[in-house]
$ cat model-v6.txt   # compact mmCIF, C-alpha atoms
# COMPACT_ATOMS: atom_id res chain seq x y z
CA MET A 1 -37.54 69.03 0.02
CA PRO A 2 -34.71 66.98 -1.40
CA GLY A 3 -33.73 69.92 -3.60
CA GLY A 4 -33.08 72.32 -0.74
CA PRO A 5 -35.06 74.78 1.31
CA PRO A 6 -38.34 76.17 0.00
CA SER A 7 -37.81 79.08 -2.34
CA VAL A 8 -40.14 81.84 -3.41
CA GLY A 9 -39.95 80.73 -7.04
CA LYS A 10 -42.66 78.65 -8.65
CA VAL A 11 -41.82 75.46 -6.83
CA HIS A 12 -44.20 72.60 -7.39
CA GLU A 13 -45.82 73.47 -4.07
CA LEU A 14 -47.21 76.58 -5.76
CA ALA A 15 -48.86 74.49 -8.45
CA ILE A 16 -50.12 72.12 -5.76
CA THR A 17 -51.54 75.03 -3.76
CA GLU A 18 -53.25 76.43 -6.86
CA SER A 19 -54.83 73.01 -7.40
CA ILE A 20 -56.07 73.01 -3.80
CA VAL A 21 -57.64 76.47 -4.04
CA ASP A 22 -59.14 75.80 -7.50
CA ALA A 23 -60.67 72.50 -6.38
CA ILE A 24 -62.24 74.03 -3.27
CA VAL A 25 -63.62 77.08 -5.07
CA GLU A 26 -65.00 74.80 -7.78
CA LYS A 27 -66.72 72.68 -5.18
CA ILE A 28 -68.12 75.20 -2.74
CA GLY A 29 -68.08 78.49 -4.65
CA ASP A 30 -66.79 81.82 -3.43
CA GLY A 31 -68.28 81.65 0.06
CA PRO A 32 -65.99 82.41 2.98
CA VAL A 33 -63.96 79.48 4.26
CA ALA A 34 -62.73 79.45 7.84
CA ALA A 35 -60.41 76.47 7.61
CA VAL A 36 -59.05 73.89 5.20
CA ARG A 37 -57.90 70.43 6.26
CA LEU A 38 -55.31 68.71 4.09
CA GLU A 39 -53.53 65.38 4.26
CA ILE A 40 -49.94 65.56 3.01
CA GLY A 41 -47.99 62.38 3.64
CA ARG A 42 -44.38 62.51 4.73
CA LEU A 43 -43.34 60.57 1.63
CA SER A 44 -45.32 62.72 -0.81
CA GLY A 45 -42.44 64.97 -1.83
CA VAL A 46 -44.41 68.05 -0.86
CA VAL A 47 -43.11 70.46 1.79
CA THR A 48 -45.90 71.63 4.06
CA ASP A 49 -44.10 74.88 4.99
CA SER A 50 -44.05 75.77 1.31
CA ILE A 51 -47.76 74.98 1.02
CA ARG A 52 -48.47 77.34 3.92
CA PHE A 53 -46.34 80.04 2.36
CA CYS A 54 -48.00 79.66 -1.05
CA PHE A 55 -51.49 79.37 0.41
CA GLU A 56 -51.44 82.89 1.80
CA ILE A 57 -50.63 84.21 -1.66
CA VAL A 58 -52.86 81.95 -3.75
CA ALA A 59 -55.87 82.25 -1.44
CA GLY A 60 -55.76 86.04 -1.54
CA GLY A 61 -58.83 87.49 -3.22
CA THR A 62 -60.79 84.23 -2.97
CA GLY A 63 -63.24 82.96 -0.36
CA LEU A 64 -60.27 81.14 1.19
CA GLU A 65 -58.39 84.31 2.07
CA GLY A 66 -57.26 84.17 5.68
CA ALA A 67 -58.49 80.59 6.15
CA ARG A 68 -56.69 78.45 8.71
CA LEU A 69 -54.70 75.62 7.19
CA ASP A 70 -54.77 72.34 9.13
CA ILE A 71 -52.37 69.81 7.68
CA ASP A 72 -52.25 66.17 8.76
CA GLU A 73 -48.92 64.59 7.91
CA PRO A 74 -49.31 60.81 8.02
CA SER A 75 -46.10 58.87 8.48
CA GLY A 76 -44.82 56.55 5.84
CA ARG A 77 -45.58 52.85 6.23
CA ALA A 78 -44.14 50.12 4.08
CA TYR A 79 -44.19 46.36 3.68
CA CYS A 80 -40.88 44.66 2.99
CA ARG A 81 -41.28 41.90 0.40
CA ASN A 82 -38.00 40.38 1.54
CA CYS A 83 -38.54 39.93 5.28
CA ARG A 84 -42.34 40.30 5.14
CA LEU A 85 -42.50 42.87 7.87
CA GLU A 86 -44.47 46.08 7.97
CA PHE A 87 -42.71 49.13 9.37
CA THR A 88 -42.91 52.91 9.52
CA LEU A 89 -40.48 55.19 7.73
CA ASP A 90 -40.23 58.89 6.96
CA ASP A 91 -37.06 58.87 4.89
CA PRO A 92 -37.53 59.18 1.14
CA ILE A 93 -34.67 56.70 0.71
CA MET A 94 -36.77 53.71 1.61
CA LEU A 95 -34.83 50.85 3.09
CA CYS A 96 -35.92 48.08 5.40
CA ASP A 97 -33.63 47.24 8.33
CA CYS A 98 -32.85 44.01 6.49
CA GLY A 99 -31.25 46.13 3.75
CA SER A 100 -33.89 45.49 1.12
CA ALA A 101 -35.35 48.30 -0.96
CA ASP A 102 -38.02 46.02 -2.39
CA LEU A 103 -40.92 47.60 -0.56
CA ASP A 104 -44.61 48.23 -1.00
CA VAL A 105 -45.41 51.71 0.25
CA LEU A 106 -48.67 51.45 2.17
CA ALA A 107 -48.99 55.02 3.44
CA GLY A 108 -47.25 58.37 3.46
CA ARG A 109 -47.83 59.46 -0.12
CA GLU A 110 -51.22 61.08 0.50
CA LEU A 111 -51.97 64.40 -1.18
CA ARG A 112 -55.60 65.00 -0.35
CA ILE A 113 -58.08 67.71 0.51
CA ILE A 114 -60.04 66.29 3.42
CA SER A 115 -62.55 68.99 4.28
CA VAL A 116 -63.27 72.69 4.59
CA GLU A 117 -65.02 74.66 7.31
CA VAL A 118 -67.47 77.03 5.72
CA ARG A 119 -68.63 80.10 7.59
CA MET B 120 -76.01 62.44 -3.55
CA CYS B 121 -75.19 64.47 -0.50
CA SER B 122 -76.45 67.97 -1.24
CA THR B 123 -73.77 69.69 0.75
CA CYS B 124 -70.48 68.17 -0.30
CA GLY B 125 -71.55 66.42 -3.48
CA CYS B 126 -70.23 63.04 -2.44
CA GLY B 127 -72.08 60.00 -3.69
CA GLY B 128 -70.96 59.85 -7.25
CA GLU B 129 -73.25 61.98 -9.37
CA ASP B 130 -71.07 65.04 -9.61
CA GLY B 131 -68.39 63.98 -12.06
CA SER B 132 -66.29 67.09 -11.83
CA THR B 133 -64.66 66.58 -8.50
CA ARG B 134 -65.77 63.24 -7.16
CA VAL B 135 -63.05 61.24 -8.75
CA THR B 136 -61.68 57.77 -8.83
CA LEU B 137 -58.17 57.70 -7.52
CA VAL B 138 -55.58 56.70 -10.03
CA ASP B 139 -52.68 56.26 -7.64
CA GLY B 140 -53.96 53.10 -6.05
CA HIS B 141 -54.32 54.81 -2.71
CA THR B 142 -57.17 53.46 -0.67
CA HIS B 143 -58.37 55.22 2.40
CA ASP B 144 -59.08 52.94 5.27
CA HIS B 145 -61.40 55.34 7.05
CA THR B 146 -65.08 55.18 6.43
CA HIS B 147 -66.87 57.60 4.20
CA ASP B 148 -70.41 57.42 5.36
CA HIS B 149 -72.57 60.46 5.81
CA ASP B 150 -75.14 59.48 8.35
CA HIS B 151 -74.67 62.80 10.06
CA ALA B 152 -76.34 65.90 8.71
CA HIS B 153 -73.99 68.32 7.06
CA ASP B 154 -75.94 71.44 7.71
CA HIS B 155 -75.78 71.49 11.46
CA PRO B 156 -74.14 74.67 12.65
CA HIS B 157 -71.14 74.21 14.88
CA ASP B 158 -70.73 76.33 17.98
CA HIS B 159 -68.25 78.56 16.22
CA GLY B 160 -70.64 79.33 13.39
CA THR B 161 -69.07 77.13 10.74
CA ARG B 162 -70.01 73.85 9.16
CA THR B 163 -67.63 71.22 7.88
CA VAL B 164 -67.87 70.15 4.26
CA LEU B 165 -66.14 66.89 3.45
CA LEU B 166 -64.31 66.90 0.13
CA GLU B 167 -62.07 63.81 0.39
CA GLN B 168 -60.38 64.27 -2.94
CA ASP B 169 -56.92 63.99 -4.39
CA ILE B 170 -55.21 67.36 -4.71
CA LEU B 171 -53.91 66.35 -8.13
CA ALA B 172 -57.18 64.75 -9.21
CA LYS B 173 -57.71 67.18 -12.07
CA ASN B 174 -54.20 66.65 -13.43
CA ASP B 175 -54.39 62.89 -13.03
CA LEU B 176 -57.78 62.61 -14.73
CA LEU B 177 -56.58 64.64 -17.69
CA ALA B 178 -53.39 62.57 -17.84
CA ALA B 179 -55.45 59.36 -17.87
CA ALA B 180 -57.57 60.72 -20.74
CA THR B 181 -54.44 61.67 -22.69
CA ARG B 182 -52.93 58.23 -22.12
CA HIS B 183 -56.10 56.55 -23.34
CA ARG B 184 -56.25 58.72 -26.46
CA LEU B 185 -52.58 58.18 -27.27
CA THR B 186 -52.97 54.42 -26.91
CA GLU B 187 -55.98 54.42 -29.22
CA HIS B 188 -53.88 56.12 -31.86
CA ALA B 189 -50.82 53.90 -31.23
CA ILE B 190 -48.79 56.99 -30.36
CA THR B 191 -45.94 56.43 -27.90
CA ALA B 192 -45.17 59.43 -25.70
CA ILE B 193 -41.95 59.39 -23.68
CA ASN B 194 -41.43 61.90 -20.86
CA LEU B 195 -37.74 62.82 -20.58
CA MET B 196 -36.67 64.33 -17.27
CA SER B 197 -33.30 65.39 -15.88
CA SER B 198 -31.26 68.24 -14.46
CA PRO B 199 -30.41 71.05 -16.86
CA GLY B 200 -27.35 70.08 -18.89
CA SER B 201 -27.62 66.30 -18.76
CA GLY B 202 -27.81 66.05 -22.55
CA LYS B 203 -31.55 65.60 -23.16
CA THR B 204 -31.64 67.70 -26.32
CA THR B 205 -28.45 66.16 -27.70
CA LEU B 206 -29.88 62.70 -27.04
CA LEU B 207 -33.05 63.67 -28.90
CA GLU B 208 -31.14 65.08 -31.88
CA ARG B 209 -29.11 61.89 -32.09
CA THR B 210 -32.13 59.62 -31.62
CA ILE B 211 -34.11 61.37 -34.37
CA THR B 212 -31.12 61.25 -36.73
CA ASP B 213 -30.55 57.55 -36.00
CA LEU B 214 -34.22 56.72 -36.62
CA ASP B 215 -33.79 58.37 -40.01
CA GLY B 216 -37.50 58.55 -40.72
CA ARG B 217 -38.17 54.86 -40.00
CA ARG B 218 -40.68 56.03 -37.46
CA GLU B 219 -42.16 59.49 -37.45
CA THR B 220 -40.78 61.24 -34.40
CA LEU B 221 -42.12 64.48 -32.97
CA VAL B 222 -41.05 66.53 -29.99
CA ILE B 223 -42.65 68.71 -27.36
CA GLU B 224 -40.07 70.94 -25.73
CA GLY B 225 -40.63 72.29 -22.24
CA ASP B 226 -38.51 75.20 -21.10
CA GLN B 227 -39.12 78.20 -18.93
CA GLU B 228 -38.05 80.56 -21.70
CA THR B 229 -36.65 80.64 -25.27
CA TRP B 230 -37.13 78.53 -28.39
CA LEU B 231 -33.50 77.46 -28.50
CA ASP B 232 -34.03 73.74 -27.91
CA ALA B 233 -37.00 73.66 -30.28
CA GLN B 234 -34.87 75.23 -32.98
CA ARG B 235 -32.20 72.57 -32.47
CA ILE B 236 -34.82 69.83 -32.83
CA ARG B 237 -36.40 71.59 -35.81
CA SER B 238 -33.06 71.46 -37.63
CA THR B 239 -33.24 67.65 -37.53
CA GLY B 240 -36.41 67.92 -39.64
CA SER B 241 -38.65 66.78 -36.82
CA LYS B 242 -41.90 68.54 -36.04
CA VAL B 243 -41.67 70.27 -32.67
CA VAL B 244 -43.87 72.29 -30.36
CA GLN B 245 -42.33 74.47 -27.68
CA ILE B 246 -44.04 74.99 -24.38
CA ASN B 247 -42.67 77.92 -22.38
CA THR B 248 -43.72 77.59 -18.80
CA GLY B 249 -42.58 81.07 -17.79
CA ALA B 250 -42.07 80.91 -14.05
CA GLY B 251 -43.29 77.29 -14.04
CA CYS B 252 -40.82 74.57 -13.12
CA HIS B 253 -42.49 71.55 -14.70
CA LEU B 254 -44.94 70.41 -17.35
CA ASP B 255 -48.38 69.27 -16.26
CA ALA B 256 -51.11 67.25 -17.95
CA GLN B 257 -52.89 70.32 -19.26
CA MET B 258 -49.73 71.67 -20.89
CA LEU B 259 -49.11 68.35 -22.63
CA ASP B 260 -52.73 68.21 -23.75
CA ARG B 261 -52.37 71.65 -25.35
CA GLY B 262 -49.00 70.73 -26.81
CA LEU B 263 -50.37 67.55 -28.38
CA ALA B 264 -53.34 69.42 -29.84
CA GLU B 265 -50.88 71.77 -31.51
CA LEU B 266 -48.48 69.02 -32.57
CA ALA B 267 -51.20 66.74 -34.02
CA PRO B 268 -48.98 63.63 -34.08
CA PRO B 269 -49.93 61.04 -36.71
CA ASP B 270 -51.05 57.55 -35.72
CA GLY B 271 -48.22 55.24 -34.82
CA SER B 272 -45.74 58.04 -34.19
CA LEU B 273 -43.21 58.52 -31.39
CA VAL B 274 -43.53 61.70 -29.32
CA PHE B 275 -40.72 62.81 -27.02
CA VAL B 276 -41.68 65.22 -24.29
CA GLU B 277 -38.61 67.07 -23.02
CA ASN B 278 -39.64 68.24 -19.58
CA VAL B 279 -38.25 71.35 -17.91
CA GLY B 280 -34.74 70.63 -16.62
CA ASN B 281 -35.45 69.94 -12.97
CA LEU B 282 -35.12 66.82 -10.83
CA VAL B 283 -37.70 67.91 -8.25
CA CYS B 284 -41.03 69.21 -9.48
CA PRO B 285 -41.75 67.13 -12.62
CA ALA B 286 -41.72 64.02 -10.40
CA LEU B 287 -45.22 64.71 -9.10
CA PHE B 288 -47.02 65.35 -12.36
CA ASP B 289 -48.37 62.55 -14.54
CA LEU B 290 -48.64 63.84 -18.10
CA GLY B 291 -50.29 60.80 -19.67
CA GLU B 292 -47.02 59.52 -21.12
CA ALA B 293 -46.34 55.86 -21.92
CA ALA B 294 -43.06 55.89 -20.03
CA ARG B 295 -40.86 58.16 -17.94
CA VAL B 296 -37.15 58.31 -18.63
CA VAL B 297 -34.77 60.00 -16.20
CA ILE B 298 -31.35 61.01 -17.52
CA ILE B 299 -28.30 61.53 -15.31
CA SER B 300 -24.89 62.33 -16.76
CA VAL B 301 -21.44 61.46 -15.45
CA THR B 302 -20.58 65.15 -15.15
CA GLU B 303 -23.09 65.36 -12.29
CA GLY B 304 -22.73 63.95 -8.80
CA ALA B 305 -23.11 60.17 -8.55
CA ASP B 306 -25.23 60.71 -5.44
CA LYS B 307 -28.07 62.44 -7.29
CA PRO B 308 -30.41 59.44 -7.06
CA ALA B 309 -30.16 59.71 -3.26
CA LYS B 310 -30.68 63.47 -3.32
CA TYR B 311 -33.70 63.34 -5.63
CA PRO B 312 -35.35 60.00 -4.80
CA TYR B 313 -38.87 61.12 -5.74
CA MET B 314 -37.80 61.68 -9.32
CA PHE B 315 -35.87 58.44 -9.69
CA ARG B 316 -38.70 56.48 -8.12
CA THR B 317 -41.04 57.52 -10.96
CA ALA B 318 -38.64 56.36 -13.68
CA ASP B 319 -39.30 53.44 -16.00
CA LEU B 320 -35.80 53.78 -17.38
CA VAL B 321 -32.67 55.62 -16.24
CA LEU B 322 -30.12 56.63 -18.86
CA LEU B 323 -26.58 57.27 -17.63
CA ASN B 324 -25.35 59.71 -20.27
CA LYS B 325 -21.94 61.09 -21.31
CA ILE B 326 -20.12 57.84 -20.49
CA ASP B 327 -17.49 58.84 -23.07
CA LEU B 328 -16.30 61.35 -20.43
CA LEU B 329 -15.77 58.73 -17.69
CA PRO B 330 -11.96 58.72 -18.09
CA TYR B 331 -11.88 62.45 -17.35
CA VAL B 332 -14.29 62.81 -14.44
CA ASP B 333 -14.50 61.47 -10.91
CA PHE B 334 -17.80 59.62 -11.16
CA ASP B 335 -18.47 56.43 -9.22
CA VAL B 336 -20.69 54.43 -11.59
CA ASP B 337 -21.18 51.56 -9.12
CA LEU B 338 -22.28 53.93 -6.36
CA CYS B 339 -24.72 55.68 -8.71
CA LEU B 340 -26.25 52.40 -9.86
CA GLU B 341 -26.51 51.16 -6.28
CA LEU B 342 -28.31 54.33 -5.23
CA ILE B 343 -30.71 54.13 -8.16
CA HIS B 344 -31.57 50.54 -7.27
CA ARG B 345 -32.06 51.49 -3.65
CA VAL B 346 -34.64 54.06 -4.71
CA LYS B 347 -36.25 51.85 -7.34
CA PRO B 348 -35.10 48.22 -7.33
CA ASP B 349 -36.69 47.15 -10.61
CA VAL B 350 -35.83 50.14 -12.81
CA GLU B 351 -34.02 49.54 -16.10
CA LEU B 352 -30.63 51.20 -16.56
CA LEU B 353 -28.76 51.98 -19.76
CA PRO B 354 -25.32 53.63 -19.97
CA VAL B 355 -25.08 55.74 -23.13
CA SER B 356 -23.13 58.45 -24.86
CA ALA B 357 -25.42 60.59 -26.98
CA THR B 358 -22.44 62.23 -28.70
CA ARG B 359 -20.30 59.14 -29.40
CA GLY B 360 -23.15 56.66 -29.81
CA ASP B 361 -22.31 54.12 -27.09
CA GLY B 362 -25.33 52.18 -25.86
CA LEU B 363 -27.77 53.75 -28.29
CA ASP B 364 -28.73 50.43 -29.87
CA ALA B 365 -30.07 49.32 -26.50
CA TRP B 366 -31.91 52.66 -26.19
CA HIS B 367 -33.54 52.13 -29.60
CA ASP B 368 -34.50 48.57 -28.65
CA TRP B 369 -36.06 49.88 -25.45
CA LEU B 370 -38.02 52.48 -27.42
CA ALA B 371 -39.23 49.86 -29.91
CA ASN B 372 -40.43 47.65 -27.06
CA ARG B 373 -42.33 50.55 -25.55
CA SER B 374 -44.31 51.18 -28.71
CA SER B 375 -48.00 50.75 -28.48
CA ALA B 376 -49.44 47.70 -30.21
CA ALA B 377 -52.90 49.20 -30.53
CA ALA B 378 -54.25 49.59 -34.03
CA PRO B 379 -54.58 53.16 -35.30
CA ARG B 380 -58.17 54.21 -35.71
CA SER B 381 -58.52 57.80 -36.80
CA GLU B 382 -56.69 61.10 -36.90
CA TYR B 383 -55.49 62.56 -33.64
CA PRO B 384 -57.99 65.27 -32.74
CA ARG B 385 -56.62 68.68 -33.48
CA ARG B 386 -57.98 71.67 -31.70
CA GLY B 387 -59.21 74.88 -33.25
$ encode --input "model-v6.txt" --output "structure tokens"
Amino acid sequence: MPGGPPSVGKVHELAITESIVDAIVEKIGDGPVAAVRLEIGRLSGVVTDSIRFCFEIVAGGTGLEGARLDIDEPSGRAYCRNCRLEFTLDDPIMLCDCGSADLDVLAGRELRIISVEVR
Amino acid sequence: MCSTCGCGGEDGSTRVTLVDGHTHDHTHDHDHAHDHPHDHGTRTVLLEQDILAKNDLLAAATRHRLTEHAITAINLMSSPGSGKTTLLERTITDLDGRRETLVIEGDQETWLDAQRIRSTGSKVVQINTGAGCHLDAQMLDRGLAELAPPDGSLVFVENVGNLVCPALFDLGEAARVVIISVTEGADKPAKYPYMFRTADLVLLNKIDLLPYVDFDVDLCLELIHRVKPDVELLPVSATRGDGLDAWHDWLANRSSAAAPRSEYPRRG
């Protein structure tokens, strides 16, 4: 997180985690869930450690309690409009080697629920 | 529609159209049966949805409604203490009733900022987020229902002072303005790139204090442009008035051209 290490306060990861749990419960009901697969890109601004921390708390008392959290973290990929090259990057300060910041971000900003394993 | 995961488009509640332009390059076919038990006694249900889908859908609905009513909503974001409330007081006073201006104040606690805005004569709604560190689309929706802004009006949304969390949440605003002041570090755009990347405009505030502080304006501007090359930048002093004509011009250009149709729906 650019703002420092994860804290136990209501960081945005808590709101994100609440959205994850709400969306899953809304979709599949209260049935027990064994695992949740998420996709959180490395340029998304969301810290996966914080999501894991919050998930234990938010999932408590729901069908997701104790579920395993599998998180895919796709790397960032960008296209430089200046030198017309595509390259990977994981730094939120996005610069091409040519020095240009005029980039199209192609991947790395994902914030998605992929699937759940239902018991 | 797939009976297990609901994909296929009929279930409008969670099968959503992405609004962030993200396209997934993997296939989404469902030739396999979903109900086959795996060896470990579980079955996989594909959801394939944006985590913030609910927020983004509500934000899109708010944006559409505001546009229909020619209401311009501006989301103001910054660190605590950058001068957001002072800028708003000054902006409302300068507008002097030429355009009805209303404010939604977001703070964790207290009505202090709302009371300051109220003393300008402007209608204001306070949203206290409690432990929350940002406004989201639902909070703005509730705030607007309470505020009931008239057609053609200007609505400022003063987000919770925080350069991290508000970056991720679309509220349905017409534009996002990030304020940084010269009493902060000039390297903030590099430290909080997610926030600056969402900005339509960056205001560099408190420039009247430049002779007294060690703030490298060129470095700050360079860092902002590195994070977002095409963002507009305006140096201002909300207390002394420098640069505010350009700020008012920017606001006027951001105003919706749509014709007002009916009263903004007020809840309950």
$ closest_residue --input "model-v6.txt" --among "A:Ala15, A:Ile40, A:Lys27, A:Gly63" --to "Arg119 (chain A)" --atoms "all atoms listed in the file"
A:Gly63
$ atom_distance --input "model-v6.txt" --atom1 "CA of Leu176 (chain B)" --atom2 "CA of Ala189 (chain B)"
19.9 Å
$ interface_residues --input "model-v6.txt" --of "chain B" --to "chain A" --cutoff "7 Å" --atoms "all atoms listed in the file" --output "PyMOL selection string"
chain B and resi 160-171+250-252+283-284+309-313+345-346+348
$ atom_distance --input "model-v6.txt" --atom1 "CA of Asp226 (chain B)" --atom2 "CA of Leu282 (chain B)"
13.7 Å
$ atom_distance --input "model-v6.txt" --atom1 "CA of Val332 (chain B)" --atom2 "CA of Val279 (chain B)"
25.7 Å
$ residues_around --input "model-v6.txt" --residues "Leu85 (chain A)" --least-positions-apart "2" --cutoff "10 Å" --atoms "all atoms listed in the file" --output "VMD selection string"
chain A and resid 78 to 83 87 96 to 98 103
$ residues_near_point --input "model-v6.txt" --point "(-35.3, 83.0, -17.1)" --cutoff "9 Å" --atoms "only C-alpha atoms" --output "list in words"
Gln227, Glu228, Thr229, Gly249 and Ala250 of chain B
$ closest_residue --input "model-v6.txt" --among "A:Asp104, A:Leu64, A:Ile71, A:Asp90" --to "Arg52 (chain A)" --atoms "all atoms listed in the file"
A:Ile71
$ residues_around --input "model-v6.txt" --residues "Arg373 (chain B)" --least-positions-apart "2" --cutoff "12 Å" --atoms "all atoms listed in the file" --output "ChimeraX atom specification"
/B:186,189-193,271-274,292-296,319-320,366-371,375-377
$ residues_around --input "model-v6.txt" --residues "Arg359 (chain B)" --least-positions-apart "2" --cutoff "10 Å" --atoms "only C-alpha atoms" --output "list in words"
Arg209, Lys325, Ile326, Asp327, Val355, Ser356, Ala357, Asp361, Gly362 and Leu363 of chain B
$ residues_near_point --input "model-v6.txt" --point "(-34.7, 60.9, -17.3)" --cutoff "12 Å" --atoms "only C-alpha atoms" --output "PyMOL selection string"
chain B and resi 193-204+206+275-283+285-286+294-300+308+311+314-324+350-353
$ closest_residue --input "model-v6.txt" --among "B:Ile343, B:Leu338, B:Val222, B:Leu328" --to "Val243 (chain B)" --atoms "only C-alpha atoms"
B:Val222
$ build_atoms --input "model-v6.txt" --residues "region 203-218 of chain B" --atoms "N, CA, C and O atoms" --output "PDB file, keeping the file's coordinate frame"
ATOM      1  N   LYS B 203     -30.249  66.026 -22.624  1.00  0.00           N
ATOM      2  CA  LYS B 203     -31.550  65.600 -23.160  1.00  0.00           C
ATOM      3  C   LYS B 203     -31.715  65.980 -24.634  1.00  0.00           C
ATOM      4  O   LYS B 203     -32.117  65.161 -25.456  1.00  0.00           O
ATOM      5  N   THR B 204     -31.411  67.228 -24.951  1.00  0.00           N
ATOM      6  CA  THR B 204     -31.640  67.700 -26.320  1.00  0.00           C
ATOM      7  C   THR B 204     -30.667  67.032 -27.284  1.00  0.00           C
ATOM      8  O   THR B 204     -31.056  66.634 -28.390  1.00  0.00           O
ATOM      9  N   THR B 205     -29.424  66.857 -26.854  1.00  0.00           N
ATOM     10  CA  THR B 205     -28.450  66.160 -27.700  1.00  0.00           C
ATOM     11  C   THR B 205     -28.889  64.718 -27.936  1.00  0.00           C
ATOM     12  O   THR B 205     -28.797  64.204 -29.063  1.00  0.00           O
ATOM     13  N   LEU B 206     -29.389  64.072 -26.889  1.00  0.00           N
ATOM     14  CA  LEU B 206     -29.880  62.700 -27.040  1.00  0.00           C
ATOM     15  C   LEU B 206     -31.040  62.650 -28.039  1.00  0.00           C
ATOM     16  O   LEU B 206     -31.104  61.752 -28.884  1.00  0.00           O
ATOM     17  N   LEU B 207     -31.914  63.638 -27.973  1.00  0.00           N
ATOM     18  CA  LEU B 207     -33.050  63.670 -28.900  1.00  0.00           C
ATOM     19  C   LEU B 207     -32.584  63.889 -30.330  1.00  0.00           C
ATOM     20  O   LEU B 207     -33.048  63.206 -31.250  1.00  0.00           O
ATOM     21  N   GLU B 208     -31.663  64.828 -30.524  1.00  0.00           N
ATOM     22  CA  GLU B 208     -31.140  65.080 -31.880  1.00  0.00           C
ATOM     23  C   GLU B 208     -30.562  63.786 -32.457  1.00  0.00           C
ATOM     24  O   GLU B 208     -30.834  63.417 -33.602  1.00  0.00           O
ATOM     25  N   ARG B 209     -29.772  63.109 -31.633  1.00  0.00           N
ATOM     26  CA  ARG B 209     -29.110  61.890 -32.090  1.00  0.00           C
ATOM     27  C   ARG B 209     -30.138  60.781 -32.354  1.00  0.00           C
ATOM     28  O   ARG B 209     -30.046  60.045 -33.349  1.00  0.00           O
ATOM     29  N   THR B 210     -31.117  60.670 -31.482  1.00  0.00           N
ATOM     30  CA  THR B 210     -32.130  59.620 -31.620  1.00  0.00           C
ATOM     31  C   THR B 210     -32.942  59.821 -32.904  1.00  0.00           C
ATOM     32  O   THR B 210     -33.200  58.863 -33.651  1.00  0.00           O
ATOM     33  N   ILE B 211     -33.324  61.070 -33.159  1.00  0.00           N
ATOM     34  CA  ILE B 211     -34.110  61.370 -34.370  1.00  0.00           C
ATOM     35  C   ILE B 211     -33.275  61.092 -35.616  1.00  0.00           C
ATOM     36  O   ILE B 211     -33.752  60.486 -36.580  1.00  0.00           O
ATOM     37  N   THR B 212     -32.013  61.498 -35.573  1.00  0.00           N
ATOM     38  CA  THR B 212     -31.120  61.250 -36.730  1.00  0.00           C
ATOM     39  C   THR B 212     -30.942  59.758 -36.953  1.00  0.00           C
ATOM     40  O   THR B 212     -31.001  59.276 -38.085  1.00  0.00           O
ATOM     41  N   ASP B 213     -30.741  58.999 -35.873  1.00  0.00           N
ATOM     42  CA  ASP B 213     -30.550  57.550 -36.000  1.00  0.00           C
ATOM     43  C   ASP B 213     -31.804  56.871 -36.553  1.00  0.00           C
ATOM     44  O   ASP B 213     -31.703  55.912 -37.331  1.00  0.00           O
ATOM     45  N   LEU B 214     -32.972  57.346 -36.139  1.00  0.00           N
ATOM     46  CA  LEU B 214     -34.220  56.720 -36.620  1.00  0.00           C
ATOM     47  C   LEU B 214     -34.402  56.975 -38.109  1.00  0.00           C
ATOM     48  O   LEU B 214     -35.030  56.172 -38.807  1.00  0.00           O
ATOM     49  N   ASP B 215     -33.863  58.075 -38.579  1.00  0.00           N
ATOM     50  CA  ASP B 215     -33.790  58.370 -40.010  1.00  0.00           C
ATOM     51  C   ASP B 215     -35.133  58.163 -40.713  1.00  0.00           C
ATOM     52  O   ASP B 215     -35.212  57.561 -41.773  1.00  0.00           O
ATOM     53  N   GLY B 216     -36.194  58.610 -40.071  1.00  0.00           N
ATOM     54  CA  GLY B 216     -37.500  58.550 -40.720  1.00  0.00           C
ATOM     55  C   GLY B 216     -38.179  57.193 -40.671  1.00  0.00           C
ATOM     56  O   GLY B 216     -39.290  57.026 -41.183  1.00  0.00           O
ATOM     57  N   ARG B 217     -37.530  56.183 -40.062  1.00  0.00           N
ATOM     58  CA  ARG B 217     -38.170  54.860 -40.000  1.00  0.00           C
ATOM     59  C   ARG B 217     -39.430  54.907 -39.160  1.00  0.00           C
ATOM     60  O   ARG B 217     -40.351  54.121 -39.370  1.00  0.00           O
ATOM     61  N   ARG B 218     -39.447  55.803 -38.199  1.00  0.00           N
ATOM     62  CA  ARG B 218     -40.680  56.030 -37.460  1.00  0.00           C
ATOM     63  C   ARG B 218     -40.826  57.535 -37.275  1.00  0.00           C
ATOM     64  O   ARG B 218     -39.864  58.192 -36.877  1.00  0.00           O
TER      65      ARG B 218
END
